[in-house]
Amino acid sequence: MPSWNLTNGDPLHLSLAADARFGGADYLNDHNWELELGAGQPAALSLHTTFGLRARSMRIFPSFNEGRKTVTDPATFVAPPSLRAFYPNLLILQFSPFQNLEVTAEFWVPSSQTLAGRYTLINRAPASRKIRLDVSAALVPLDGSPFAATQIQMVNVLAASTGGLAPLLFMSGGPASVTGASPSLTVTLDLAPGASRQITWTEAALETAEASFELARRTASRPFDAERARIELTSQSETVEIQTGDPDWDAAFAFTQKAALSLFFPASEHLPNASFVTSRRPDSGFSRTRDGNDYPLGWAGQSPLDAYYLSGLLPGAPSLAHGLLKNFLASQAEDGVIDMRPGLKGQRTKMLAAPILASTAWHIYLTNGDEKFLAESFPKLLSFFWNWFALAHDRDADGLPEWDHLLQTGWEDNPLFDVWHPSAQSVDVTTVINPGLYALLAREAGCLILMADKLGRAGEVELVRVQAELLEKSVADSWDEHAALYRYRDLNTRLSLPGKILATANGKEPIKPKLEFYSPVRLLIQIQTANPAAKRPEVRISEYVSKTPVEIITPEQFTWRSGGLVATSRRVYERLGLVSAKGLKEEDVVIVKTVDLTAQDHTLFLPLWAALPETDRAQTLLRALTDADRFARPFGIPAVASSSAPFDTLRASPEADSVSRSVHLPWNNLIGEGLLGYGFKDEAARLVEKLMSAVIQNLKNGRAFYQSYHADNGAGLGERNALAGLAPLGLFLQTLGVTILSGTSVRLEGKNPFAWPITLRYRGMTITRGLESTEVSFLNGKSVTVTDNAACVVSA
């Protein structure tokens with residue numbers, strides 16, 4: 001077990017949640033906690049939640065009294081709190097509130113509706129002393145009442161009510177109750193020199209005080225030491241200990257595995273294996289409809305890109321990653337369709353999953369070598385692959401599909417398609433040829449061909465080979481030599497043109513541009529309105545002022561966007577004579593634009609991940625990635641290039657800047673894997689170092705992972721403790737050239753590109769990756785030294 005001693009100023013991630021591996025994790029009613037080191041009023045070592053927004057605030061914190069002195073604020077402790085061990089559902093700290101008084105605090109979440117704490121006090125002074133320990137509970141309810149002292153079955157407890165819950169605090173040792181600003185349960189401990197005492201408290205929050213009392217009392221009677229030992233043993237068997245020589249990196253990777261494991265909930269009648277949410281926070285976890293259908297997107301099912309990234313963060317628990325793929329396949333319909341987000345309570349989006357599942361399956365196979373699993377998965381993945389080429393997804397009938405919805409892409413903030421950011425274009429994603437989609441499909445095809453070859457079923461993928469060639473050609477056709485990058489292209493014209501505003505008018509005024517275009521253009525109709533109840537208009541477009549409309553944009557085609565409405569024309573135009581709107585008011589504003597497809601963003605590097613470009617072109621892409629005027633930034637690859645003209649206006653406000661300059665680790669992970677595929681190992685290592693700088697900065701300053709990070713200053717952006725912001729452990733291990741196959745087997749490839757030796761420990765196996773050689777030792781005493789850079793498998 002690693003020995004930690006993390007304090008303020010070190011990377012910290014102090015969330016607590018029920019661990020699905022031990023039971024008790026409730027997907028519909030999940031109470032998540034965060035430990036605060038001195039925050040709140042009063043400043044205290046406190047555990048905080050809102051019960052999933054069923055309370056404004058709920059805190060539990062200790063105070064220590066000796067003689068006339070009482071301390072609550074950790075900043076006044078003789079020795080401040082130090083984190084000594086951490087797991088998804090257990091935190092262990094040590095501190096000294098007074099001289100020669102050592103305290104070990106253990107905070108444990110046994111289930112989604114319970115929290116337990118244990119304080120062990122040791123008197124290191126040469127004389128006896130009397131210490132009073134108070135455990136206070138402070139609730140700011142949405143409704144109901146704050147905590148007050150009461151008795152249930154002749155036992156002093158603290159009870160409250162809020163949001164249909166009856167939180168209750170219970171303490172061992174026959175406590176007295178104290179009223180005041182923060183009601184508390186208190187015990188006085190007589191400690192002889194060298195003596196120690198343990199006090200356990202539990203909190204439960206069910207619908208009635210009586211039910212909460214029974215649950216809290218049962219929880220207090222559970223064997224804390226045995227439960228802790230079980231948690232520690234499970235952690236040893238399902239996490240990889242990493243020593244890089246930089247303690248900040250080591251902590252970030254350890255917290256990443258802790259956070260990743262905490263995202264899981266147990267299997268249900270709808271999904272046969274454990275699934276995940278993208279973030280567990282004090283404000284999340286309660287379904288008011290009690291069926292999960294009111295949950296936000298991150299709690300409403302597992303997405304393919306999130307599942308792919310998460311699988312790389314669990315090198316010590318491969319069965320969980322395996323289970324995620326099985327969930328997708330188990331939800332497959334008879335016609336081969338796999339939903340974009342199958343959920344634990346049967347949620348479905350009725351949209352096709354992003355084509356990254358065969359890639360996930362092949363990655364899993366390379367780790368576990370399970371040919372039976374491969375044989376079972378292959379026909380399902382093949383059927384899913386062909387679903388993408390159905391006519392419903394192929395609007396121009398050219399044999400290649402388009403995205404059906406922005407959510408499928410895995411980048412919902414894409415300024416080309418997004419409707420919520422004021423400066424976004426809000427183009428209809430179905431009207432654009434997206435080389436990223438074709439790259440994903442080409443990689444799927446390649447993985448299916450590899451599976452077929454491995455299984456002796458090559459005859460079943462002959463048409464897949466043909467389709468792969470078509471995909472590869474379309475991606476190649478999207479190459480822009482001048483931009484040295486792939487381009488979005490219009491579905492009808494196959495062009496990637498810059499856009500511009502053609503005309504602006506009030507809602508009652510017909511627009512008569514009388515324009516001719518050198519190349520056909522697609523129109524974007526934006527309606528600016530201050531009326532949130534405005535009706536969607538009907539817009540008629542004519543090529544000539546005096547002729548009948550060639551296109552009518554119906555009200556149903558308009559989508560709400562920030563500040564109004566937007567629609568994309570279905571036709572493209574060589575001339576434009578008249579645009580008239582019906583159903584608008586004079587104070588409304590109509591803006592007619594041409595669609596701009598010259599954007600440069602991180603999705604356009606997906607062909608690199610799919611290994612499509614020739615080496616020379618890959619080198620050109622690498623130059624784009626390392627160009628400081630485009631994608632080379634201090635904290636990773638930004639979503640949008642610095643020089644991407646259509647999005648220059650995005651940097652006009654902090655909100656817009658956070659979109660274009662955001663670093664999304666799942667996308668950086670794919671690009672990094674693409675770099676490794678072409679042998680750009682040193683560049684992949686530099687990318688990992690940049691991403692780790694952003695992650696560590698936020699673990700130190702905000703004690704959290706964030707949904708994304710600012711490319712220039714590393715600031716955390718978006719949701720706290722989000723899956724997408726966890727440290728890129730999978731990319732790190734791939735760059736290091738280490739694939740852990742089991743506790744007795746590891747695959748090594750290439751050399752260590754980092755500037756320091758790195759040691760990995762897993763189930764008794766130790767891998768020390770030096771700069772020139774690698775030593776692998778096993779629990780049975782066998783030791784192997786590898787000096788060759790060629791790929792090899794080392795086994796006990």
# chains A, B, ... in the order shown; residues from 1 in each chain; ligands from 1
>>> select_by_dssp(residues="range 367-523 of chain A", states="strand (DSSP E or B)", output="list in words")
Val432, Ile433, Trp479, Asp480, Leu485, Tyr486, Arg489, Asp490, Ile501, Leu502, Ala503, Thr504, Ala505, Asn506, Ile511, Leu515, Glu516, Phe517, Tyr518, Ser519, Pro520, Val521, Arg522 and Leu523 of chain A
>>> write_last_selection(atoms="N, CA, C and O atoms", output="short mmCIF file (atom, residue, chain, number, x, y, z; two decimals), in the first residue's frame")
data_model
loop_
_atom_site.label_atom_id
_atom_site.label_comp_id
_atom_site.auth_asym_id
_atom_site.auth_seq_id
_atom_site.Cartn_x
_atom_site.Cartn_y
_atom_site.Cartn_z
N VAL A 432 -23.60 18.60 -43.01
CA VAL A 432 -22.15 18.74 -43.09
C VAL A 432 -21.49 17.37 -43.22
O VAL A 432 -21.85 16.42 -42.51
N ILE A 433 -20.52 17.27 -44.12
CA ILE A 433 -19.67 16.09 -44.18
C ILE A 433 -18.58 16.26 -43.13
O ILE A 433 -17.80 17.21 -43.17
N TRP A 479 -9.08 16.71 -47.14
CA TRP A 479 -7.80 17.33 -46.80
C TRP A 479 -7.67 18.70 -47.47
O TRP A 479 -7.98 18.86 -48.64
N ASP A 480 -7.22 19.67 -46.68
CA ASP A 480 -6.99 21.02 -47.18
C ASP A 480 -5.48 21.28 -47.11
O ASP A 480 -4.94 21.47 -46.03
N LEU A 485 -4.69 20.62 -42.80
CA LEU A 485 -5.62 19.97 -41.88
C LEU A 485 -6.83 19.50 -42.67
O LEU A 485 -7.09 19.97 -43.78
N TYR A 486 -7.54 18.55 -42.10
CA TYR A 486 -8.80 18.12 -42.71
C TYR A 486 -9.85 19.20 -42.50
O TYR A 486 -9.74 20.04 -41.60
N ARG A 489 -16.95 19.75 -44.82
CA ARG A 489 -17.41 20.08 -46.17
C ARG A 489 -18.94 20.06 -46.22
O ARG A 489 -19.60 19.33 -45.46
N ASP A 490 -19.48 20.84 -47.12
CA ASP A 490 -20.93 20.88 -47.28
C ASP A 490 -21.44 19.58 -47.90
O ASP A 490 -20.81 19.01 -48.80
N ILE A 501 -22.15 37.47 -43.48
CA ILE A 501 -23.52 37.97 -43.34
C ILE A 501 -23.94 38.58 -44.67
O ILE A 501 -23.24 39.43 -45.24
N LEU A 502 -25.10 38.16 -45.19
CA LEU A 502 -25.60 38.67 -46.47
C LEU A 502 -26.55 39.83 -46.29
O LEU A 502 -26.55 40.78 -47.08
N ALA A 503 -27.40 39.76 -45.24
CA ALA A 503 -28.39 40.82 -45.05
C ALA A 503 -28.98 40.74 -43.66
O ALA A 503 -28.99 39.67 -43.03
N THR A 504 -29.46 41.89 -43.19
CA THR A 504 -30.12 41.99 -41.90
C THR A 504 -31.34 42.88 -42.06
O THR A 504 -31.29 43.91 -42.75
N ALA A 505 -32.46 42.50 -41.41
CA ALA A 505 -33.68 43.30 -41.51
C ALA A 505 -34.55 43.04 -40.30
O ALA A 505 -34.34 42.08 -39.55
N ASN A 506 -35.57 43.91 -40.12
CA ASN A 506 -36.51 43.67 -39.03
C ASN A 506 -37.47 42.55 -39.44
O ASN A 506 -37.55 42.16 -40.60
N ILE A 511 -36.39 40.72 -47.21
CA ILE A 511 -34.98 40.94 -47.53
C ILE A 511 -34.77 40.64 -49.01
O ILE A 511 -35.13 39.56 -49.48
N LEU A 515 -28.31 38.65 -54.95
CA LEU A 515 -26.90 38.26 -55.00
C LEU A 515 -26.70 37.03 -55.86
O LEU A 515 -27.57 36.16 -55.95
N GLU A 516 -25.55 36.97 -56.51
CA GLU A 516 -25.11 35.74 -57.17
C GLU A 516 -23.80 35.30 -56.53
O GLU A 516 -22.99 36.14 -56.10
N PHE A 517 -23.58 33.98 -56.44
CA PHE A 517 -22.42 33.45 -55.75
C PHE A 517 -21.53 32.68 -56.73
O PHE A 517 -22.02 31.96 -57.60
N TYR A 518 -20.23 32.85 -56.54
CA TYR A 518 -19.26 32.17 -57.39
C TYR A 518 -19.39 30.65 -57.25
O TYR A 518 -19.31 29.91 -58.22
N SER A 519 -19.61 30.20 -56.00
CA SER A 519 -19.86 28.78 -55.72
C SER A 519 -21.15 28.68 -54.91
O SER A 519 -21.50 29.61 -54.16
N PRO A 520 -21.89 27.60 -55.07
CA PRO A 520 -23.14 27.46 -54.32
C PRO A 520 -22.90 27.54 -52.81
O PRO A 520 -21.89 27.03 -52.30
N VAL A 521 -23.82 28.17 -52.12
CA VAL A 521 -23.70 28.36 -50.67
C VAL A 521 -24.95 27.85 -49.97
O VAL A 521 -26.03 27.79 -50.55
N ARG A 522 -24.75 27.47 -48.72
CA ARG A 522 -25.89 27.09 -47.88
C ARG A 522 -26.18 28.26 -46.94
O ARG A 522 -25.25 28.93 -46.45
N LEU A 523 -27.46 28.50 -46.69
CA LEU A 523 -27.87 29.66 -45.91
C LEU A 523 -28.16 29.29 -44.45
O LEU A 523 -28.63 28.18 -44.14
#
>>> select_by_dssp(residues="range 2-198 of chain A", states="helix (DSSP H, G or I)", output="ChimeraX atom specification")
/A:20-22,74-76
>>> write_last_selection(atoms="all heavy atoms", output="mmCIF file, in the first residue's frame")
data_model
loop_
_atom_site.group_PDB
_atom_site.id
_atom_site.type_symbol
_atom_site.label_atom_id
_atom_site.label_comp_id
_atom_site.auth_asym_id
_atom_site.auth_seq_id
_atom_site.Cartn_x
_atom_site.Cartn_y
_atom_site.Cartn_z
ATOM 1 N N ALA A 20 -19.961 1.010 -5.529
ATOM 2 C CA ALA A 20 -20.842 -0.037 -6.056
ATOM 3 C C ALA A 20 -20.258 -1.427 -5.854
ATOM 4 O O ALA A 20 -21.005 -2.407 -5.801
ATOM 5 C CB ALA A 20 -21.096 0.212 -7.545
ATOM 6 N N ARG A 21 -18.951 -1.545 -5.719
ATOM 7 C CA ARG A 21 -18.335 -2.862 -5.546
ATOM 8 C C ARG A 21 -18.674 -3.491 -4.205
ATOM 9 O O ARG A 21 -18.552 -4.705 -4.032
ATOM 10 C CB ARG A 21 -16.812 -2.744 -5.687
ATOM 11 C CG ARG A 21 -16.350 -2.294 -7.062
ATOM 12 C CD ARG A 21 -14.863 -2.021 -7.069
ATOM 13 N NE ARG A 21 -14.494 -0.918 -6.191
ATOM 14 C CZ ARG A 21 -13.252 -0.572 -5.904
ATOM 15 N NH1 ARG A 21 -12.238 -1.262 -6.433
ATOM 16 N NH2 ARG A 21 -12.997 0.456 -5.106
ATOM 17 N N PHE A 22 -19.128 -2.679 -3.242
ATOM 18 C CA PHE A 22 -19.449 -3.185 -1.913
ATOM 19 C C PHE A 22 -20.942 -3.144 -1.619
ATOM 20 O O PHE A 22 -21.365 -3.407 -0.490
ATOM 21 C CB PHE A 22 -18.694 -2.374 -0.852
ATOM 22 C CG PHE A 22 -17.209 -2.379 -1.040
ATOM 23 C CD1 PHE A 22 -16.563 -1.290 -1.600
ATOM 24 C CD2 PHE A 22 -16.461 -3.482 -0.683
ATOM 25 C CE1 PHE A 22 -15.198 -1.290 -1.799
ATOM 26 C CE2 PHE A 22 -15.090 -3.496 -0.866
ATOM 27 C CZ PHE A 22 -14.447 -2.406 -1.435
ATOM 28 N N PRO A 74 -9.324 23.852 11.315
ATOM 29 C CA PRO A 74 -8.057 23.116 11.137
ATOM 30 C C PRO A 74 -6.836 24.031 11.065
ATOM 31 O O PRO A 74 -5.719 23.594 11.363
ATOM 32 C CB PRO A 74 -8.261 22.368 9.820
ATOM 33 C CG PRO A 74 -9.724 22.318 9.607
ATOM 34 C CD PRO A 74 -10.281 23.543 10.245
ATOM 35 N N ALA A 75 -7.042 25.282 10.671
ATOM 36 C CA ALA A 75 -5.912 26.206 10.593
ATOM 37 C C ALA A 75 -5.319 26.493 11.965
ATOM 38 O O ALA A 75 -4.176 26.947 12.067
ATOM 39 C CB ALA A 75 -6.341 27.508 9.918
ATOM 40 N N THR A 76 -6.088 26.248 13.040
ATOM 41 C CA THR A 76 -5.606 26.489 14.410
ATOM 42 C C THR A 76 -5.086 25.225 15.073
ATOM 43 O O THR A 76 -4.639 25.275 16.213
ATOM 44 C CB THR A 76 -6.734 27.088 15.264
ATOM 45 O OG1 THR A 76 -7.785 26.127 15.406
ATOM 46 C CG2 THR A 76 -7.288 28.353 14.623
#
>>> residues_around(residues="range 184-188 of chain A", least_positions_apart="2", cutoff="8 Å", atoms="only C-alpha atoms", output="MDAnalysis selection string")
chainID A and resid 130:137 149 156:158 171 173:179 182 190
>>> write_last_selection(atoms="N, CA and C atoms", output="short mmCIF file (atom, residue, chain, number, x, y, z; two decimals), in the first residue's frame")
data_model
loop_
_atom_site.label_atom_id
_atom_site.label_comp_id
_atom_site.auth_asym_id
_atom_site.auth_seq_id
_atom_site.Cartn_x
_atom_site.Cartn_y
_atom_site.Cartn_z
N LYS A 130 -8.22 15.43 30.02
CA LYS A 130 -9.65 15.29 29.75
C LYS A 130 -9.96 16.05 28.46
N ILE A 131 -10.43 15.29 27.47
CA ILE A 131 -10.74 15.87 26.16
C ILE A 131 -12.23 15.72 25.89
N ARG A 132 -12.85 16.81 25.46
CA ARG A 132 -14.25 16.73 25.05
C ARG A 132 -14.32 16.79 23.52
N LEU A 133 -15.01 15.83 22.95
CA LEU A 133 -15.21 15.77 21.50
C LEU A 133 -16.66 16.08 21.19
N ASP A 134 -16.89 17.10 20.39
CA ASP A 134 -18.23 17.44 19.92
C ASP A 134 -18.31 17.13 18.43
N VAL A 135 -19.39 16.49 18.00
CA VAL A 135 -19.67 16.30 16.58
C VAL A 135 -20.95 17.07 16.29
N SER A 136 -20.82 18.09 15.46
CA SER A 136 -21.94 18.99 15.18
C SER A 136 -22.54 18.70 13.81
N ALA A 137 -23.83 18.97 13.69
CA ALA A 137 -24.54 18.83 12.42
C ALA A 137 -25.27 20.14 12.15
N ALA A 149 -31.62 18.64 19.04
CA ALA A 149 -31.39 17.48 19.90
C ALA A 149 -32.71 16.83 20.27
N ASN A 156 -29.67 9.77 22.87
CA ASN A 156 -29.55 11.15 22.40
C ASN A 156 -29.09 11.15 20.94
N VAL A 157 -29.81 11.85 20.11
CA VAL A 157 -29.48 11.98 18.69
C VAL A 157 -29.77 13.41 18.26
N LEU A 158 -29.31 13.73 17.07
CA LEU A 158 -29.70 14.98 16.42
C LEU A 158 -30.56 14.62 15.22
N MET A 171 -24.32 8.75 17.71
CA MET A 171 -22.93 8.61 18.15
C MET A 171 -22.82 7.53 19.21
N GLY A 173 -20.82 5.68 22.50
CA GLY A 173 -20.20 6.18 23.73
C GLY A 173 -21.13 6.91 24.66
N GLY A 174 -22.45 6.80 24.45
CA GLY A 174 -23.40 7.46 25.34
C GLY A 174 -23.27 8.96 25.36
N PRO A 175 -23.41 9.64 24.24
CA PRO A 175 -23.17 11.07 24.19
C PRO A 175 -24.27 11.88 24.84
N ALA A 176 -23.90 13.07 25.27
CA ALA A 176 -24.88 14.07 25.65
C ALA A 176 -25.14 14.94 24.43
N SER A 177 -26.21 15.71 24.48
CA SER A 177 -26.52 16.61 23.37
C SER A 177 -26.34 18.04 23.82
N VAL A 178 -25.90 18.87 22.88
CA VAL A 178 -25.64 20.28 23.16
C VAL A 178 -26.40 21.10 22.12
N THR A 179 -27.16 22.07 22.59
CA THR A 179 -27.88 22.95 21.66
C THR A 179 -27.04 24.19 21.41
N SER A 182 -24.87 25.41 16.28
CA SER A 182 -24.67 24.13 15.60
C SER A 182 -24.87 23.02 16.63
N ASP A 190 -11.53 10.59 29.20
CA ASP A 190 -10.39 10.64 30.12
C ASP A 190 -9.28 9.80 29.52
#
>>> residues_around(residues="range 29-38 of chain A", least_positions_apart="4", cutoff="10 Å", atoms="only C-alpha atoms", output="compact mmCIF listing (two decimals) with N, CA and C atoms, in the first residue's frame")
# COMPACT_ATOMS: atom_id res chain seq x y z
N THR A 7 -1.30 17.35 2.28
CA THR A 7 -1.88 18.45 3.04
C THR A 7 -2.25 19.57 2.08
N ASN A 8 -2.72 20.70 2.65
CA ASN A 8 -3.00 21.87 1.84
C ASN A 8 -1.77 22.22 1.00
N HIS A 13 -8.24 15.37 -3.70
CA HIS A 13 -9.56 15.10 -4.25
C HIS A 13 -10.34 14.41 -3.14
N LEU A 14 -11.21 15.16 -2.47
CA LEU A 14 -11.76 14.72 -1.19
C LEU A 14 -13.25 14.39 -1.28
N SER A 15 -13.67 13.80 -2.37
CA SER A 15 -15.07 13.38 -2.50
C SER A 15 -15.26 12.00 -1.90
N LEU A 16 -16.48 11.74 -1.46
CA LEU A 16 -16.85 10.45 -0.88
C LEU A 16 -18.21 10.04 -1.43
N ALA A 17 -18.32 8.77 -1.79
CA ALA A 17 -19.58 8.25 -2.31
C ALA A 17 -19.63 6.75 -2.07
N ALA A 18 -20.82 6.21 -2.07
CA ALA A 18 -20.97 4.76 -1.91
C ALA A 18 -20.29 4.05 -3.08
N GLY A 24 -24.90 -1.16 -1.86
CA GLY A 24 -25.44 0.02 -1.20
C GLY A 24 -25.46 1.28 -2.04
N ALA A 25 -24.95 1.24 -3.28
CA ALA A 25 -25.00 2.42 -4.14
C ALA A 25 -26.36 2.47 -4.83
N PRO A 42 -19.09 27.61 10.92
CA PRO A 42 -17.71 28.01 11.20
C PRO A 42 -16.72 27.21 10.36
N ALA A 43 -15.51 27.75 10.19
CA ALA A 43 -14.46 27.03 9.48
C ALA A 43 -14.15 25.74 10.25
N ALA A 44 -14.16 24.62 9.52
CA ALA A 44 -14.03 23.34 10.22
C ALA A 44 -13.56 22.26 9.25
N LEU A 45 -13.18 21.15 9.82
CA LEU A 45 -12.92 19.94 9.05
C LEU A 45 -14.28 19.27 8.87
N SER A 46 -14.95 19.62 7.78
CA SER A 46 -16.37 19.27 7.67
C SER A 46 -16.66 18.44 6.43
N LEU A 47 -17.69 17.63 6.54
CA LEU A 47 -18.24 16.88 5.42
C LEU A 47 -19.51 17.58 4.96
N HIS A 48 -19.62 17.77 3.65
CA HIS A 48 -20.68 18.61 3.11
C HIS A 48 -21.47 17.86 2.04
N THR A 49 -22.80 18.06 2.03
CA THR A 49 -23.66 17.55 0.96
C THR A 49 -24.89 18.44 0.87
N THR A 50 -25.67 18.21 -0.19
CA THR A 50 -27.01 18.80 -0.27
C THR A 50 -28.06 17.71 -0.49
N PHE A 51 -27.65 16.44 -0.36
CA PHE A 51 -28.54 15.30 -0.60
C PHE A 51 -29.14 15.35 -2.01
N GLY A 52 -28.35 15.77 -2.97
CA GLY A 52 -28.87 15.88 -4.34
C GLY A 52 -29.87 17.00 -4.48
N LEU A 53 -29.54 18.17 -3.88
CA LEU A 53 -30.38 19.39 -3.91
C LEU A 53 -31.69 19.20 -3.16
N ARG A 54 -31.68 18.34 -2.15
CA ARG A 54 -32.85 18.24 -1.27
C ARG A 54 -32.66 19.08 -0.01
N MET A 58 -25.75 20.85 4.05
CA MET A 58 -25.69 19.94 5.19
C MET A 58 -24.21 19.72 5.52
N ARG A 59 -23.82 19.96 6.79
CA ARG A 59 -22.43 19.80 7.20
C ARG A 59 -22.35 19.02 8.50
N ILE A 60 -21.31 18.21 8.62
CA ILE A 60 -20.98 17.51 9.86
C ILE A 60 -19.52 17.79 10.14
N PHE A 61 -19.21 18.24 11.38
CA PHE A 61 -17.83 18.60 11.70
C PHE A 61 -17.56 18.42 13.19
N THR A 72 -11.93 24.30 16.40
CA THR A 72 -12.75 23.74 15.31
C THR A 72 -12.06 23.92 13.96
N ASP A 73 -11.46 25.08 13.77
CA ASP A 73 -10.81 25.42 12.50
C ASP A 73 -9.49 24.67 12.36
N PRO A 74 -9.32 23.85 11.31
CA PRO A 74 -8.06 23.12 11.14
C PRO A 74 -6.84 24.03 11.06
N ALA A 75 -7.04 25.28 10.67
CA ALA A 75 -5.91 26.21 10.59
C ALA A 75 -5.32 26.49 11.97
N THR A 76 -6.09 26.25 13.04
CA THR A 76 -5.61 26.49 14.41
C THR A 76 -5.09 25.22 15.07
N PRO A 80 -1.84 20.31 11.22
CA PRO A 80 -3.02 20.35 10.35
C PRO A 80 -3.35 18.98 9.79
N PRO A 81 -4.57 18.82 9.29
CA PRO A 81 -4.97 17.52 8.73
C PRO A 81 -4.07 17.08 7.58
N SER A 82 -3.73 15.81 7.59
CA SER A 82 -2.93 15.20 6.54
C SER A 82 -3.67 13.98 6.04
N ASN A 89 -14.91 5.35 -1.19
CA ASN A 89 -15.87 5.49 -0.10
C ASN A 89 -15.23 5.66 1.27
N LEU A 91 -12.00 7.95 3.46
CA LEU A 91 -10.87 8.85 3.60
C LEU A 91 -10.31 8.70 5.00
N PHE A 107 -13.49 8.58 7.55
CA PHE A 107 -14.82 8.91 7.05
C PHE A 107 -15.19 7.88 5.98
N VAL A 109 -18.42 5.94 3.65
CA VAL A 109 -19.79 5.94 3.11
C VAL A 109 -20.18 4.49 2.84
N SER A 111 -23.23 3.25 2.35
CA SER A 111 -24.30 3.15 1.36
C SER A 111 -24.70 4.55 0.94
N SER A 112 -25.57 4.64 -0.04
CA SER A 112 -25.94 5.95 -0.57
C SER A 112 -26.69 6.82 0.41
N GLN A 113 -27.27 6.24 1.45
CA GLN A 113 -28.02 7.03 2.42
C GLN A 113 -27.36 7.09 3.80
N THR A 114 -26.10 6.66 3.91
CA THR A 114 -25.42 6.66 5.20
C THR A 114 -24.02 7.23 5.08
N LEU A 115 -23.55 7.74 6.19
CA LEU A 115 -22.19 8.23 6.32
C LEU A 115 -21.72 7.87 7.73
N ALA A 204 -27.62 9.00 8.90
CA ALA A 204 -28.49 8.33 7.94
C ALA A 204 -29.60 9.30 7.57
N ALA A 205 -30.07 9.19 6.34
CA ALA A 205 -31.12 10.09 5.86
C ALA A 205 -32.12 9.30 5.04
N LEU A 206 -33.15 8.81 5.71
CA LEU A 206 -34.27 8.14 5.05
C LEU A 206 -35.50 9.04 5.20
N ARG A 280 -20.12 12.51 -9.71
CA ARG A 280 -20.91 12.37 -8.47
C ARG A 280 -20.50 13.51 -7.54
N ARG A 281 -21.45 14.39 -7.27
CA ARG A 281 -21.19 15.58 -6.48
C ARG A 281 -22.29 15.74 -5.43
N PRO A 282 -22.08 16.58 -4.42
CA PRO A 282 -23.11 16.78 -3.40
C PRO A 282 -24.47 17.18 -3.96
N ASP A 283 -24.50 17.89 -5.10
CA ASP A 283 -25.76 18.35 -5.68
C ASP A 283 -26.42 17.33 -6.59
N SER A 284 -25.78 16.19 -6.84
CA SER A 284 -26.33 15.22 -7.79
C SER A 284 -26.84 13.98 -7.06
N GLY A 285 -27.60 13.17 -7.80
CA GLY A 285 -27.93 11.84 -7.29
C GLY A 285 -29.36 11.60 -6.87
N PHE A 286 -30.25 12.58 -7.02
CA PHE A 286 -31.65 12.34 -6.63
C PHE A 286 -32.56 12.52 -7.82
N SER A 287 -33.33 11.48 -8.12
CA SER A 287 -34.32 11.52 -9.18
C SER A 287 -35.69 11.80 -8.58
N ARG A 288 -36.22 12.97 -8.84
CA ARG A 288 -37.52 13.32 -8.26
C ARG A 288 -38.65 12.50 -8.85
N ARG A 290 -38.22 9.42 -9.62
CA ARG A 290 -37.90 8.08 -9.10
C ARG A 290 -37.68 7.05 -10.22
N GLY A 292 -35.23 8.05 -12.96
CA GLY A 292 -34.03 8.49 -13.65
C GLY A 292 -34.29 9.27 -14.92
N ARG A 703 -9.03 21.37 -5.54
CA ARG A 703 -9.29 20.03 -4.99
C ARG A 703 -10.33 19.28 -5.80
>>> closest_residue(among="A:Met154, A:Ala694, A:Ala684, A:Val793", to="Val738 in chain A", atoms="only C-alpha atoms")
A:Val793
>>> residues_around(residues="Leu723 in chain A", least_positions_apart="5", cutoff="10 Å", atoms="only C-alpha atoms", output="PyMOL selection string")
chain A and resi 256+259-260+263+276-280+298+306-307+309-310+313+665-666+705-708
>>> residues_around(residues="His405 in chain A", least_positions_apart="6", cutoff="10 Å", atoms="only C-alpha atoms", output="short mmCIF file (atom, residue, chain, number, x, y, z; two decimals) with C-alpha atoms, in the first residue's frame")
data_model
loop_
_atom_site.label_atom_id
_atom_site.label_comp_id
_atom_site.auth_asym_id
_atom_site.auth_seq_id
_atom_site.Cartn_x
_atom_site.Cartn_y
_atom_site.Cartn_z
CA MET A 351 -30.14 7.82 -31.54
CA LEU A 352 -27.39 5.59 -32.86
CA GLU A 412 -21.72 19.09 -27.45
CA PHE A 417 -23.22 23.26 -34.41
CA ASP A 428 -27.56 21.80 -38.71
CA VAL A 429 -25.10 18.93 -38.23
CA THR A 430 -26.91 16.79 -40.81
#
>>> closest_residue(among="A:Ile356, A:Leu344, A:Leu320, A:Ala445", to="Leu305 in chain A", atoms="only C-alpha atoms")
A:Ile356
>>> closest_residue(among="A:Ala333, A:Leu584, A:Leu779, A:Leu314", to="Pro728 in chain A", atoms="only C-alpha atoms")
A:Leu314
